[in-house]
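Enquirer: Please read through the structure below; I'll follow up with questions.
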Amino acid sequence: MALPQSAPRPQAETAPAPVAVARPRLPNAEAIVPYLQRIDEARWYSNFGPLLIELEQRLADRFARPTQVITVANATQALTLSLKAMDLPVGGAHVILPAWTFVATAHAVVQAGLKPWFVDVDPDTWMLDPAAVAALGPKLRDACAVIPVAPFGRMPDVDAWLAFRETTGLPVLLDAAAAFDTLADARLPSVVSLHATKVLGLGEGGFLATEDLALAARVRELTTFCFRGSRQSQAPGTNAKLSEYACAVGLAAMDGWPGERLRWMRAAQMLRIALIGRPQVRFQPGWGADWVTSVCTVGLPAGAAAHVTQVLREDGVDTRQWWDRGCHASPAFADCRREPLPATEALAASTLGLPFSIDMDAGEVARLAAALQRALA
């Protein structure tokens, strides 16, 4: 006699997977293998091998004018070594930088033996304004350089900073960490990140782009113990070279960049269209239309970031305040010199990094849009 069947237990409803704020993607193994085979054949693994030289040339070829590219182990090191190569007066000298930046900018200043001096940004562009920096007047005597930042990949006005440099005599180094897609002018020495989280990445890495050949040569020396054709160090330096393996990933990423850029743009357009009826959510000018980067940081109504973060978290949508409350708010820089920072403090409370990735799908975009609608209702 057959035993009676037990009634099936009702299945518990499972919550949908969270919408991640970012999903980095590097070239797959198939794309990298041809470059690994070249490494095997050459048996040249580091110390400025053929893959590194090719990668630097391909990066330089993206610029409209003759440009020298120097790869470095990461963008923070590239900033640090570029400052050192400028022969600035270390010790008590200050470098002006925006408080609205990632902490790496200030860490690089400190590692170069200099002192950060935090200045407020323009509330509309989120950047240092060269005219506002010039308006510091006699205070500028305390500064030895300025580091403007391209916030989340949006480029500043290069011509305005060149005019500032000409007028004040202060060196200007652009922190363009997230601006791989937008940086095409290296009249200002500029540092770009090739971290895995960036729009084009190789894991860890970065580069200096400059038209100043002497500066490029000094940075190159600093990346390799300041050797100059001998085994003797001519000055204090470090080891900040890229290996051929890192360059293999970078070259594969360069091969795929035209198609990958279109995919980034497509994802950005999906997000812009989904939020077109929500004027409270303000994209950076040109983001997803003229240029693209790997994050989507938007402006919200004044002071709304914390509330929106909480509501989206309840809906399983991850967010990130990429620059927290501003670089100046980190304990590491609590004692650093600063000007009044009302715009930075307002941005910290009113901007938010939304989920964004190259393979973001329509379902994730719809969940994000619905959660934002609830948060901003």
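By order of appearance in the structure tokens: chains A, B, ..., then residues from 1 within every chain, and ligands from 1 in the order shown.
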Region 157-244 of chain A near region 264-285 of chain A within 12 Å: what's each residue's closest atom pair and its distance in Å to one decimal, counting only C-alpha atoms, ordered by chain then ascending residue number, as a tab-separated table?

Expert:
residue	atom	partner	partner_atom	distance
A:Asp181	CA	A:Trp264	CA	10.8
A:Lys198	CA	A:Trp264	CA	11.4
A:Val199	CA	A:Trp264	CA	8.1
A:Leu200	CA	A:Trp264	CA	10.5

Enquirer: Taking only C-alpha atoms into account, which of A:Pro24, A:Gly363, A:Pro116, A:Pro66 comes nearest Ala209 (chain A)?

Expert: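 Comparing A:Pro24, A:Gly363, A:Pro116, A:Pro66 against Ala209 (chain A), the winner is A:Pro66.
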
Enquirer: Which is closest to Ala178 (chain A) among A:Val292, A:Leu97, A:Ala78, A:Ala132, if we use only C-alpha atoms?

Expert: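 Checking each of A:Val292, A:Leu97, A:Ala78, A:Ala132 against Ala178 (chain A), counting only C-alpha atoms, the winner is A:Val292.
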
Enquirer: With distances taken over only C-alpha atoms, which residue among A:Leu173, A:Leu88, A:Tyr245, A:Asp129 lies nearest Arg43 (chain A)?

Expert: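 Looking only at the distances to Arg43 (chain A), the closest residue turns out to be A:Tyr245.
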
Enquirer: Excluding same-chain residues fewer than 5 positions from Leu376 (chain A), what lies within 9 Å of it counting only C-alpha atoms, as a short mmCIF file (atom, residue, chain, number, x, y, z; two decimals) with C-alpha atoms, in the first residue's frame?

Expert:
data_model
loop_
_atom_site.label_atom_id
_atom_site.label_comp_id
_atom_site.auth_asym_id
_atom_site.auth_seq_id
_atom_site.Cartn_x
_atom_site.Cartn_y
_atom_site.Cartn_z
CA ARG A 278 13.32 62.81 -11.98
CA GLN A 280 15.97 66.01 -8.54
CA PRO A 301 18.38 67.84 -3.27
CA ALA A 304 19.32 64.32 0.84
CA HIS A 307 18.04 59.66 3.42
CA VAL A 308 18.31 58.39 -0.15
CA ALA A 371 13.84 53.03 -5.34
#

Enquirer: Have a look at CA of Phe164 (chain A) and CA of Trp323 (chain A) and let me know their distance in Å, one decimal.

Expert: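 Separating CA of Phe164 (chain A) from CA of Trp323 (chain A) is a distance of 26.4 Å.
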
Enquirer: What are the DSSP alpha helix (DSSP H) residues of region 160-222 of chain A, as a PDB file with C-alpha atoms, in the first residue's frame?

Expert:
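Listed below is the output, selection_10.pdb:
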ATOM      1  CA  ALA A 160      42.274  78.344 -17.561  1.00  0.00           C
ATOM      2  CA  TRP A 161      44.794  76.357 -15.519  1.00  0.00           C
ATOM      3  CA  LEU A 162      47.547  77.045 -18.049  1.00  0.00           C
ATOM      4  CA  ALA A 163      46.787  80.763 -17.709  1.00  0.00           C
ATOM      5  CA  PHE A 164      46.896  80.406 -13.913  1.00  0.00           C
ATOM      6  CA  ARG A 165      50.278  78.704 -14.141  1.00  0.00           C
ATOM      7  CA  GLU A 166      51.594  81.440 -16.410  1.00  0.00           C
ATOM      8  CA  THR A 167      50.303  84.226 -14.164  1.00  0.00           C
ATOM      9  CA  THR A 168      51.290  82.837 -10.758  1.00  0.00           C
ATOM     10  CA  LEU A 213      59.983  65.574 -21.746  1.00  0.00           C
ATOM     11  CA  ALA A 214      62.324  66.535 -18.909  1.00  0.00           C
ATOM     12  CA  LEU A 215      59.595  65.877 -16.327  1.00  0.00           C
ATOM     13  CA  ALA A 216      58.800  62.532 -17.950  1.00  0.00           C
ATOM     14  CA  ALA A 217      62.470  61.520 -17.834  1.00  0.00           C
ATOM     15  CA  ARG A 218      62.751  62.423 -14.138  1.00  0.00           C
ATOM     16  CA  VAL A 219      59.622  60.448 -13.251  1.00  0.00           C
ATOM     17  CA  ARG A 220      60.965  57.456 -15.191  1.00  0.00           C
ATOM     18  CA  GLU A 221      64.210  57.574 -13.203  1.00  0.00           C
ATOM     19  CA  LEU A 222      62.310  57.790  -9.922  1.00  0.00           C
TER      20      LEU A 222
END

Enquirer: Residues within 12 Å of Arg263 (chain A), please, as a list of chain:residue names. Count only C-alpha atoms; anything in the same chain fewer than 5 positions from it doesn't count.

Expert: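 That gives A:Arg25, A:Val199, A:Gly256, A:Trp257, A:Pro258, A:Ala268, A:Gln269, A:Met270, A:Gly288, A:Val292, A:Thr293, A:Ser294, A:Phe356, A:Ser357, A:Ile358, A:Asp359, A:Met360, A:Asp361.
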
Enquirer: Just the selected residues (C-alpha atoms), exported as a PDB file, in the first residue's frame, please.

Expert:
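Result file selection.pdb:
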ATOM      1  CA  ARG A  25      35.514  43.864 -15.358  1.00  0.00           C
ATOM      2  CA  VAL A 199      36.715  52.492 -17.017  1.00  0.00           C
ATOM      3  CA  GLY A 256      38.845  45.986 -26.482  1.00  0.00           C
ATOM      4  CA  TRP A 257      38.432  49.641 -25.561  1.00  0.00           C
ATOM      5  CA  PRO A 258      36.383  50.842 -28.590  1.00  0.00           C
ATOM      6  CA  ALA A 268      24.849  55.198 -19.016  1.00  0.00           C
ATOM      7  CA  GLN A 269      22.143  56.024 -21.544  1.00  0.00           C
ATOM      8  CA  MET A 270      19.836  53.385 -20.049  1.00  0.00           C
ATOM      9  CA  GLY A 288      27.000  59.224 -20.578  1.00  0.00           C
ATOM     10  CA  VAL A 292      31.977  58.063 -19.696  1.00  0.00           C
ATOM     11  CA  THR A 293      33.602  56.818 -16.546  1.00  0.00           C
ATOM     12  CA  SER A 294      33.121  53.790 -14.319  1.00  0.00           C
ATOM     13  CA  PHE A 356      26.635  51.551 -12.385  1.00  0.00           C
ATOM     14  CA  SER A 357      28.515  48.916 -14.341  1.00  0.00           C
ATOM     15  CA  ILE A 358      29.306  48.071 -17.937  1.00  0.00           C
ATOM     16  CA  ASP A 359      26.840  45.169 -17.945  1.00  0.00           C
ATOM     17  CA  MET A 360      24.062  46.790 -15.926  1.00  0.00           C
ATOM     18  CA  ASP A 361      20.770  45.334 -17.168  1.00  0.00           C
TER      19      ASP A 361
END

Enquirer: Between CA of Trp322 (chain A) and CA of Lys241 (chain A), what is the spacing in Å?

Expert: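 Separation of CA of Lys241 (chain A) and CA of Trp322 (chain A): 27.5 Å.
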
Enquirer: Hey, what's within 7 Å of Trp126 (chain A) if we count only C-alpha atoms and toss same-chain stuff fewer than 4 positions away? As a list of chain:residue names, please?

Expert: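 Returned residues: A:Val121, A:Asp122, A:Pro151.
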
Enquirer: Mind dumping the selected residues with C-alpha atoms as a PDB file, in the first residue's frame?

Expert:
ATOM      1  CA  VAL A 121      35.525  73.751  -4.916  1.00  0.00           C
ATOM      2  CA  ASP A 122      32.985  75.451  -7.120  1.00  0.00           C
ATOM      3  CA  PRO A 151      35.937  64.865 -10.348  1.00  0.00           C
TER       4      PRO A 151
END
